[in-house]
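Here is the structure we will look at.
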Amino acid sequence: MAVRCLITAGPTREYFDPVRFISNPSSGRMGYALAAAARDAGWTVDLVSGPVSLPEPAGVMLYPVVTAEEMMRQADALFGPCDVLLMCAAVSDWRPALRQPSKLKKDGRGLTVELEPVPDILAALAARRRAGQVLVGFAAETEDVEANARLKLDRKGVDLVAANSVAGPDGAFGSDTNALILLGRDGYRLGIGPASKAEVARCLVAEVATLLAAR
């Protein structure tokens, strides 16, 4: 069976003037490891990536984006024909409500920036899924990792949520290793790692392949 996989990776940046933005420390390594693992499994891979300092994976179609809005548009355009969605990107949850057209000058006073929520990419895609697609969300948490991930599983309407901790120096952000708790319906739970992100990605892709084959 030919499988087409859509993966999002890395952070997004939400600018409040031309040179300053809100973001997070995601390196994109987990998403890129998933792209390599999916490619090695023989899948066709579309990789929508926020700004990272990683080489383009061979054998993968890379679509660079910057903001959550750009990621939403690109993922939406690629979602229809995909069989598997791995929503690994660490999307910034908020963006400045107003983007200034020129650099804000420091004047010795404080600055207040009003924020608004960015589009919920995973929920929007899940709302128009077709039969047979497998959707996997990621939950990067600093506390109550599993409990918060279960809430996301119910709220987003996906098949699986891969939860990991990003708290402290041992968190997943910027690391070469990761540990996931994979959660699904009907009490499904699988721990993966701690191991290299490449190994974690291979295990996750294998689990998704098993789920896809059962559809």
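Labels used: A, B, ... for chains in the order of the structure tokens, numbers from 1 for residues in each chain, and numbers from 1 for ligands as shown.
Non-sequential neighbours of stretch 57-59 of chain A (distance at most 7 Å, separation of 2 or more positions within a chain, only C-alpha atoms) are Ala36, Arg39, Pro55 and Met61 of chain A.
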Atoms to include: N, CA and C atoms. Write the selected residues as a PDB file, in the first residue's frame.
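Below is the file selection_24.pdb, written as the result:
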```pdb
ATOM      1  N   ALA A  36      12.449  11.344   8.143  1.00  0.00           N
ATOM      2  CA  ALA A  36      13.412  10.342   7.689  1.00  0.00           C
ATOM      3  C   ALA A  36      12.880   8.928   7.923  1.00  0.00           C
ATOM      4  N   ARG A  39      10.115   8.190   5.416  1.00  0.00           N
ATOM      5  CA  ARG A  39      10.745   7.940   4.109  1.00  0.00           C
ATOM      6  C   ARG A  39      11.342   6.538   4.055  1.00  0.00           C
ATOM      7  N   PRO A  55      19.647  20.381   7.924  1.00  0.00           N
ATOM      8  CA  PRO A  55      19.692  20.136   6.480  1.00  0.00           C
ATOM      9  C   PRO A  55      18.386  19.533   5.975  1.00  0.00           C
ATOM     10  N   MET A  61       9.800  15.976   0.383  1.00  0.00           N
ATOM     11  CA  MET A  61       9.397  17.282  -0.143  1.00  0.00           C
ATOM     12  C   MET A  61       9.288  18.261   1.023  1.00  0.00           C
TER      13      MET A  61
END
```
Residues within 10 Å of A:Gly50, please, as JSON, numbers by chain. Count only C-alpha atoms; anything in the same chain fewer than 5 positions from it doesn't count.
{"A": [8, 9, 10, 11, 12, 13, 26, 27, 28, 63, 64, 65, 66, 67, 68, 70, 71, 89, 90, 91]}
I need the residues from that last selection saved to file as an mmCIF file, in the first residue's frame (with C-alpha atoms), if you can.
```cif
data_model
loop_
_atom_site.group_PDB
_atom_site.id
_atom_site.type_symbol
_atom_site.label_atom_id
_atom_site.label_comp_id
_atom_site.auth_asym_id
_atom_site.auth_seq_id
_atom_site.Cartn_x
_atom_site.Cartn_y
_atom_site.Cartn_z
ATOM 1 C CA THR A 8 4.808 19.458 10.429
ATOM 2 C CA ALA A 9 8.011 20.297 12.275
ATOM 3 C CA GLY A 10 9.909 23.011 14.100
ATOM 4 C CA PRO A 11 8.687 26.241 15.686
ATOM 5 C CA THR A 12 6.696 29.074 14.224
ATOM 6 C CA ARG A 13 7.551 32.749 14.626
ATOM 7 C CA SER A 26 11.997 23.797 19.183
ATOM 8 C CA SER A 27 14.906 22.617 17.038
ATOM 9 C CA GLY A 28 12.755 20.628 14.608
ATOM 10 C CA TYR A 63 7.866 23.249 2.420
ATOM 11 C CA PRO A 64 9.478 26.018 4.545
ATOM 12 C CA VAL A 65 7.145 28.353 6.426
ATOM 13 C CA VAL A 66 7.572 30.922 9.196
ATOM 14 C CA THR A 67 4.284 31.821 10.878
ATOM 15 C CA ALA A 68 1.413 29.674 12.112
ATOM 16 C CA GLU A 70 1.639 30.114 6.737
ATOM 17 C CA MET A 71 1.877 26.627 8.255
ATOM 18 C CA ALA A 89 5.428 21.287 14.985
ATOM 19 C CA ALA A 90 5.673 23.432 18.108
ATOM 20 C CA VAL A 91 3.253 26.081 16.888
#
```
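Atom CA of A:Val118 lies 6.1 Å from atom CA of A:Arg95.
Across the structure, atom CA of A:Glu141 and atom CA of A:Ile181 are spaced 11.4 Å apart.
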Which residue, A:Arg128, A:Leu153, A:Glu199, A:Leu211, has the smallest gap to A:Arg185 when you use only C-alpha atoms?
A:Leu153
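Distance-wise, atom CA of A:Leu190 and atom CA of A:Pro81 end up 28.0 Å apart.
Minimum atom-to-atom distance to A:Val45, evaluated using only C-alpha atoms, belongs to A:Leu85 out of A:Leu85, A:Ala209, A:Leu111, A:Val136.
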Go through A:Ile22, A:Glu143, A:Gly80, A:Asp154 one by one, measure the shortest atom-to-atom distance of each to A:Asp186 using only C-alpha atoms, and give the residue with the smallest value.
A:Asp154
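The smallest atom-to-atom distance between A:Phe79 and any of A:Gln133, A:Lys103, A:Trp43, A:Ala38, using only C-alpha atoms, is found for A:Gln133.
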I need the residues of stretch 99-164 of chain A that end up classed as helix (DSSP H, G or I) by DSSP on the backbone, written out as number ranges by chain.
A: 121-126, 145-156
Residue set, stretch 59-183 of chain A restricted to strand (DSSP E), as a ChimeraX atom specification:
/A:61-64,84-87,94-96,115-117,134-141,160-165,177-183
Expected file contents, prior selection, C-alpha atoms, as a CSV table (one decimal), in the first residue's frame:
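Contents of the output file again21.csv:
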```
chain,number,residue,atom,x,y,z
A,61,MET,CA,9.4,17.3,-0.1
A,62,LEU,CA,10.2,20.2,2.1
A,63,TYR,CA,7.9,23.2,2.4
A,64,PRO,CA,9.5,26.0,4.5
A,84,VAL,CA,-1.1,10.0,7.8
A,85,LEU,CA,-0.7,13.4,9.5
A,86,LEU,CA,2.0,13.8,12.1
A,87,MET,CA,1.5,17.2,13.7
A,94,TRP,CA,-0.4,33.3,20.4
A,95,ARG,CA,0.6,36.1,18.0
A,96,PRO,CA,0.6,39.9,18.4
A,115,LEU,CA,-1.8,38.8,21.9
A,116,GLU,CA,-4.4,36.8,20.0
A,117,PRO,CA,-4.6,33.0,19.4
A,134,VAL,CA,-4.6,8.5,10.7
A,135,LEU,CA,-4.0,11.8,12.6
A,136,VAL,CA,-1.4,12.1,15.3
A,137,GLY,CA,-1.0,15.2,17.4
A,138,PHE,CA,1.9,16.1,19.7
A,139,ALA,CA,1.6,17.5,23.2
A,140,ALA,CA,4.7,19.3,24.6
A,141,GLU,CA,4.0,19.7,28.3
A,160,LEU,CA,-3.2,9.4,18.7
A,161,VAL,CA,-1.4,12.0,20.8
A,162,ALA,CA,2.3,11.7,21.4
A,163,ALA,CA,3.1,13.4,24.7
A,164,ASN,CA,6.6,14.6,25.8
A,165,SER,CA,8.0,16.8,28.5
A,177,THR,CA,16.9,12.4,22.6
A,178,ASN,CA,13.2,12.1,23.5
A,179,ALA,CA,10.7,10.0,25.4
A,180,LEU,CA,7.1,9.8,24.3
A,181,ILE,CA,3.9,8.6,25.8
A,182,LEU,CA,1.7,7.5,22.9
A,183,LEU,CA,-2.0,7.7,23.8
```
